[in-house]
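Asker: So here's structure13.cif, just mmCIF, C-alpha atoms:
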```
data_entry
loop_
_atom_site.group_PDB
_atom_site.id
_atom_site.type_symbol
_atom_site.label_atom_id
_atom_site.label_comp_id
_atom_site.auth_asym_id
_atom_site.auth_seq_id
_atom_site.Cartn_x
_atom_site.Cartn_y
_atom_site.Cartn_z
ATOM 1 C CA MET A 115 0.000 0.000 0.000
ATOM 2 C CA ALA A 116 1.425 3.391 -0.987
ATOM 3 C CA GLU A 117 2.145 5.889 1.763
ATOM 4 C CA ASP A 118 -0.177 8.914 1.736
ATOM 5 C CA THR A 119 2.065 11.999 1.689
ATOM 6 C CA THR A 120 -0.732 14.567 1.483
ATOM 7 C CA GLN A 121 -1.406 14.348 5.210
ATOM 8 C CA PHE A 122 0.492 13.854 8.440
ATOM 9 C CA GLN A 123 -0.237 13.563 12.140
ATOM 10 C CA LEU A 124 0.469 16.132 14.823
ATOM 11 C CA VAL A 125 0.611 15.819 18.582
ATOM 12 C CA THR A 126 -1.253 18.906 19.779
ATOM 13 C CA PHE A 127 -0.820 20.680 23.089
ATOM 14 C CA GLN A 128 -1.596 23.929 24.809
ATOM 15 C CA LEU A 129 0.932 26.607 25.734
ATOM 16 C CA GLY A 130 -0.875 29.496 27.345
ATOM 17 C CA GLU A 131 -4.046 30.207 25.407
ATOM 18 C CA GLU A 132 -2.759 28.875 22.073
ATOM 19 C CA LEU A 133 -2.872 25.393 20.564
ATOM 20 C CA TYR A 134 0.389 24.080 19.105
ATOM 21 C CA GLY A 135 1.327 20.952 17.239
ATOM 22 C CA VAL A 136 4.500 19.024 16.469
ATOM 23 C CA ASP A 137 4.977 16.245 13.944
ATOM 24 C CA ILE A 138 4.226 12.927 15.633
ATOM 25 C CA MET A 139 7.373 11.473 14.039
ATOM 26 C CA ASP A 140 9.477 13.853 16.191
ATOM 27 C CA VAL A 141 7.757 12.809 19.446
ATOM 28 C CA LYS A 142 9.406 10.023 21.443
ATOM 29 C CA GLU A 143 6.931 10.088 24.335
ATOM 30 C CA ILE A 144 4.798 12.217 26.621
ATOM 31 C CA VAL A 145 5.483 12.080 30.347
ATOM 32 C CA LYS A 146 3.899 13.586 33.461
ATOM 33 C CA ILE A 147 5.523 16.470 35.290
ATOM 34 C CA GLN A 148 8.447 15.349 37.410
ATOM 35 C CA ASN A 149 11.199 16.932 39.426
ATOM 36 C CA VAL A 150 13.551 18.973 37.229
ATOM 37 C CA ARG A 151 17.089 19.521 38.490
ATOM 38 C CA PRO A 152 18.493 22.935 37.590
ATOM 39 C CA ILE A 153 21.709 23.242 35.549
ATOM 40 C CA PRO A 154 24.141 26.025 36.543
ATOM 41 C CA ASN A 155 24.858 28.598 33.792
ATOM 42 C CA ALA A 156 22.247 27.123 31.447
ATOM 43 C CA PRO A 157 20.432 29.394 28.973
ATOM 44 C CA TYR A 158 17.462 31.193 30.614
ATOM 45 C CA TYR A 159 14.880 28.958 28.899
ATOM 46 C CA VAL A 160 16.432 25.659 30.099
ATOM 47 C CA GLU A 161 14.598 24.561 33.246
ATOM 48 C CA GLY A 162 17.107 21.810 33.948
ATOM 49 C CA ILE A 163 17.340 18.052 33.445
ATOM 50 C CA ILE A 164 15.321 14.979 34.305
ATOM 51 C CA ASN A 165 16.382 11.372 34.612
ATOM 52 C CA LEU A 166 14.050 9.297 32.462
ATOM 53 C CA ARG A 167 14.836 5.589 32.653
ATOM 54 C CA SER A 168 18.552 6.283 33.241
ATOM 55 C CA GLU A 169 18.678 8.802 30.393
ATOM 56 C CA VAL A 170 19.454 12.463 31.153
ATOM 57 C CA ILE A 171 17.102 14.744 29.218
ATOM 58 C CA PRO A 172 17.249 18.563 29.181
ATOM 59 C CA ILE A 173 13.906 20.271 29.779
ATOM 60 C CA ILE A 174 13.104 23.451 27.847
ATOM 61 C CA ASN A 175 10.553 26.006 28.979
ATOM 62 C CA LEU A 176 8.908 27.325 25.792
ATOM 63 C CA HIS A 177 6.974 29.862 27.901
ATOM 64 C CA LYS A 178 10.289 31.538 28.708
ATOM 65 C CA ARG A 179 11.765 30.956 25.256
ATOM 66 C CA PHE A 180 8.815 32.586 23.494
ATOM 67 C CA HIS A 181 7.702 34.968 26.284
ATOM 68 C CA LEU A 182 4.297 33.289 26.682
ATOM 69 C CA GLN A 183 1.940 33.337 29.662
ATOM 70 C CA LYS A 184 1.130 30.003 31.284
ATOM 71 C CA LEU A 185 -2.414 28.673 30.961
ATOM 72 C CA ALA A 186 -4.456 30.187 33.794
ATOM 73 C CA LYS A 187 -6.055 27.786 36.252
ATOM 74 C CA VAL A 188 -9.703 28.513 36.992
ATOM 75 C CA SER A 189 -9.763 26.212 40.032
ATOM 76 C CA ASP A 190 -7.564 23.606 41.698
ATOM 77 C CA ASP A 191 -9.657 20.866 40.061
ATOM 78 C CA ASP A 192 -8.935 22.297 36.609
ATOM 79 C CA PHE A 193 -6.023 20.097 35.602
ATOM 80 C CA GLU A 194 -6.796 16.853 37.417
ATOM 81 C CA GLU A 195 -6.825 14.620 34.352
ATOM 82 C CA ASP A 196 -4.977 16.617 31.733
ATOM 83 C CA GLU A 197 -2.310 18.294 33.835
ATOM 84 C CA GLY A 198 0.704 19.569 31.986
ATOM 85 C CA GLY A 199 3.756 17.492 31.399
ATOM 86 C CA PHE A 200 6.708 17.085 29.085
ATOM 87 C CA ILE A 201 6.794 16.107 25.438
ATOM 88 C CA ILE A 202 10.074 14.330 24.754
ATOM 89 C CA LEU A 203 11.236 15.226 21.241
ATOM 90 C CA ASP A 204 13.956 13.673 19.128
ATOM 91 C CA ILE A 205 15.746 16.556 17.390
ATOM 92 C CA GLU A 206 18.625 15.483 15.158
ATOM 93 C CA GLY A 207 19.198 12.426 17.362
ATOM 94 C CA ASN A 208 19.074 14.459 20.600
ATOM 95 C CA LYS A 209 16.282 13.929 23.131
ATOM 96 C CA ILE A 210 14.894 17.173 24.508
ATOM 97 C CA GLY A 211 11.825 17.686 26.683
ATOM 98 C CA ILE A 212 9.516 20.672 26.338
ATOM 99 C CA ILE A 213 7.134 21.773 29.075
ATOM 100 C CA ILE A 214 3.486 21.928 28.031
ATOM 101 C CA ASP A 215 0.455 23.280 29.882
ATOM 102 C CA ARG A 216 -1.938 20.633 28.643
ATOM 103 C CA ILE A 217 -1.723 17.752 26.192
ATOM 104 C CA ASN A 218 -4.536 17.845 23.663
ATOM 105 C CA ARG A 219 -4.728 15.009 21.113
ATOM 106 C CA VAL A 220 -3.287 13.618 17.923
ATOM 107 C CA VAL A 221 -4.809 15.147 14.796
ATOM 108 C CA THR A 222 -4.406 14.412 11.105
ATOM 109 C CA VAL A 223 -3.746 17.450 8.937
ATOM 110 C CA GLU A 224 -3.919 17.742 5.167
ATOM 111 C CA LYS A 225 -0.798 19.471 3.829
ATOM 112 C CA GLY A 226 -3.037 21.678 1.669
ATOM 113 C CA GLU A 227 -4.717 23.083 4.821
ATOM 114 C CA ILE A 228 -1.441 24.505 6.145
ATOM 115 C CA LYS A 229 -1.023 28.229 5.578
ATOM 116 C CA PRO A 230 2.134 30.294 6.068
ATOM 117 C CA PRO A 231 2.218 31.998 9.465
ATOM 118 C CA PRO A 232 1.581 35.725 9.893
ATOM 119 C CA GLN A 233 4.782 37.757 10.465
ATOM 120 C CA MET A 234 4.460 37.662 14.258
ATOM 121 C CA LEU A 235 2.214 35.157 15.981
ATOM 122 C CA SER A 236 1.752 35.020 19.777
ATOM 123 C CA GLY A 237 5.264 36.228 20.463
ATOM 124 C CA ILE A 238 6.890 33.392 18.541
ATOM 125 C CA GLY A 239 8.988 34.382 15.561
ATOM 126 C CA THR A 240 7.888 32.892 12.267
ATOM 127 C CA GLU A 241 11.248 31.120 11.891
ATOM 128 C CA TYR A 242 10.025 28.552 14.471
ATOM 129 C CA ILE A 243 6.654 27.996 12.819
ATOM 130 C CA GLN A 244 6.093 25.529 9.995
ATOM 131 C CA GLY A 245 2.590 26.867 9.383
ATOM 132 C CA VAL A 246 -0.887 27.372 10.793
ATOM 133 C CA VAL A 247 -4.130 25.489 10.286
ATOM 134 C CA ARG A 248 -7.512 27.149 10.798
ATOM 135 C CA LYS A 249 -9.742 25.343 13.313
ATOM 136 C CA GLU A 250 -13.536 25.159 13.285
ATOM 137 C CA ASP A 251 -13.835 27.588 16.235
ATOM 138 C CA ASN A 252 -12.071 30.375 14.265
ATOM 139 C CA GLY A 253 -8.849 29.687 16.163
ATOM 140 C CA TYR A 254 -5.597 28.366 14.795
ATOM 141 C CA LEU A 255 -3.374 25.366 15.332
ATOM 142 C CA ILE A 256 0.229 26.572 15.219
ATOM 143 C CA ILE A 257 2.623 23.939 13.850
ATOM 144 C CA LEU A 258 6.107 24.244 15.338
ATOM 145 C CA ASP A 259 9.142 23.337 13.286
ATOM 146 C CA THR A 260 11.141 21.245 15.778
ATOM 147 C CA ARG A 261 14.264 21.382 13.579
ATOM 148 C CA ARG A 262 14.371 25.164 13.919
ATOM 149 C CA LEU A 263 13.508 25.458 17.613
ATOM 150 C CA PHE A 264 17.181 25.074 18.496
ATOM 151 C CA SER A 265 20.256 25.904 16.472
ATOM 152 C CA ALA A 266 23.188 23.472 16.360
ATOM 153 C CA ASN A 267 25.075 25.740 18.800
ATOM 154 C CA GLU A 268 22.133 25.766 21.226
ATOM 155 C CA LEU A 269 21.867 21.980 21.056
ATOM 156 C CA LYS A 270 25.544 21.725 22.011
ATOM 157 C CA LYS A 271 24.894 23.924 25.056
ATOM 158 C CA ILE A 272 21.791 22.122 26.325
ATOM 159 C CA VAL A 273 22.271 18.457 25.405
ATOM 160 C CA PRO A 274 24.585 16.593 27.774
ATOM 161 C CA ASP A 275 27.616 14.925 26.205
ATOM 162 C CA ASP A 276 27.592 11.127 26.301
#
```
Can you dump the structure from the file as structure tokens?
Answerer:
Amino acid sequence: MAEDTTQFQLVTFQLGEELYGVDIMDVKEIVKIQNVRPIPNAPYYVEGIINLRSEVIPIINLHKRFHLQKLAKVSDDDFEEDEGGFIILDIEGNKIGIIIDRINRVVTVEKGEIKPPPQMLSGIGTEYIQGVVRKEDNGYLIILDTRRLFSANELKKIVPDD
């Protein structure tokens, strides 16, 4: 059976009030919030590291990186089931975790539905955005380009040497 290249799947999640997506092929796993150990002299957006099954993984705070507000809690019961966590990405063979406010779901997107991003969208520069997809509720799904989130120099600074 031929592979359908007109569509692909995205893992969607919330950062602040916006909905974001990353290509499911870049996602290694999604894990619950756990204790993050700080790293001295790390870039401001690096929260620290976690130990995930004997593997050290740097954790990136995209709220700080992109100057975004966290999702506001209405009540303490708000996040019982879908509390934030980490999405573990594989970027150029390096595992990196990003903090999310809330995991959403996996969606299938037609490549033809993807539009170029406006010049400035929610404080994130367009160089980090692969495109946007209009949702039924007049909102947008912002597709992040995981390859551009971190330059090669940044990866060297935040990914521990083996």
Asker: May I ask for the distance between atom CA of Tyr242 of chain A and atom CA of Pro154 of chain A, given in Å to one decimal place?
Answerer: 26.3 Å
Asker: Could the centre and edge lengths of an axis-aligned box, enclosing all atoms of segment 202-213 of chain A in the file with 5 Å extra on each side, be given in Å to one decimal as lines of an AutoDock Vina configuration file?
Answerer:
```
center_x = 13.2
center_y = 17.1
center_z = 22.1
size_x = 22.1
size_y = 19.3
size_z = 23.9
```
Asker: Report as a list of chain:residue names the residues that result from applying the PyMOL selection byres ((chain A and resi 151) around 6) to the structure here.
Answerer: A:Val150, A:Pro152, A:Gly162, A:Ile163
Asker: Evaluate the PyMOL selection byres ((chain A and resi 219) around 6) against this structure - the residues, as a list in words, please.
Answerer: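 So the PyMOL selection byres ((chain A and resi 219) around 6), applied here, picks out Val125, Thr126, Asn218 and Val220 of chain A.
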Asker: Would you work out the distance separating atom CA of Asn149 of chain A from atom CA of His177 of chain A, expressed in Å to one decimal?
Answerer: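 So the two atoms, atom CA of Asn149 of chain A and atom CA of His177 of chain A, lie 17.8 Å apart.
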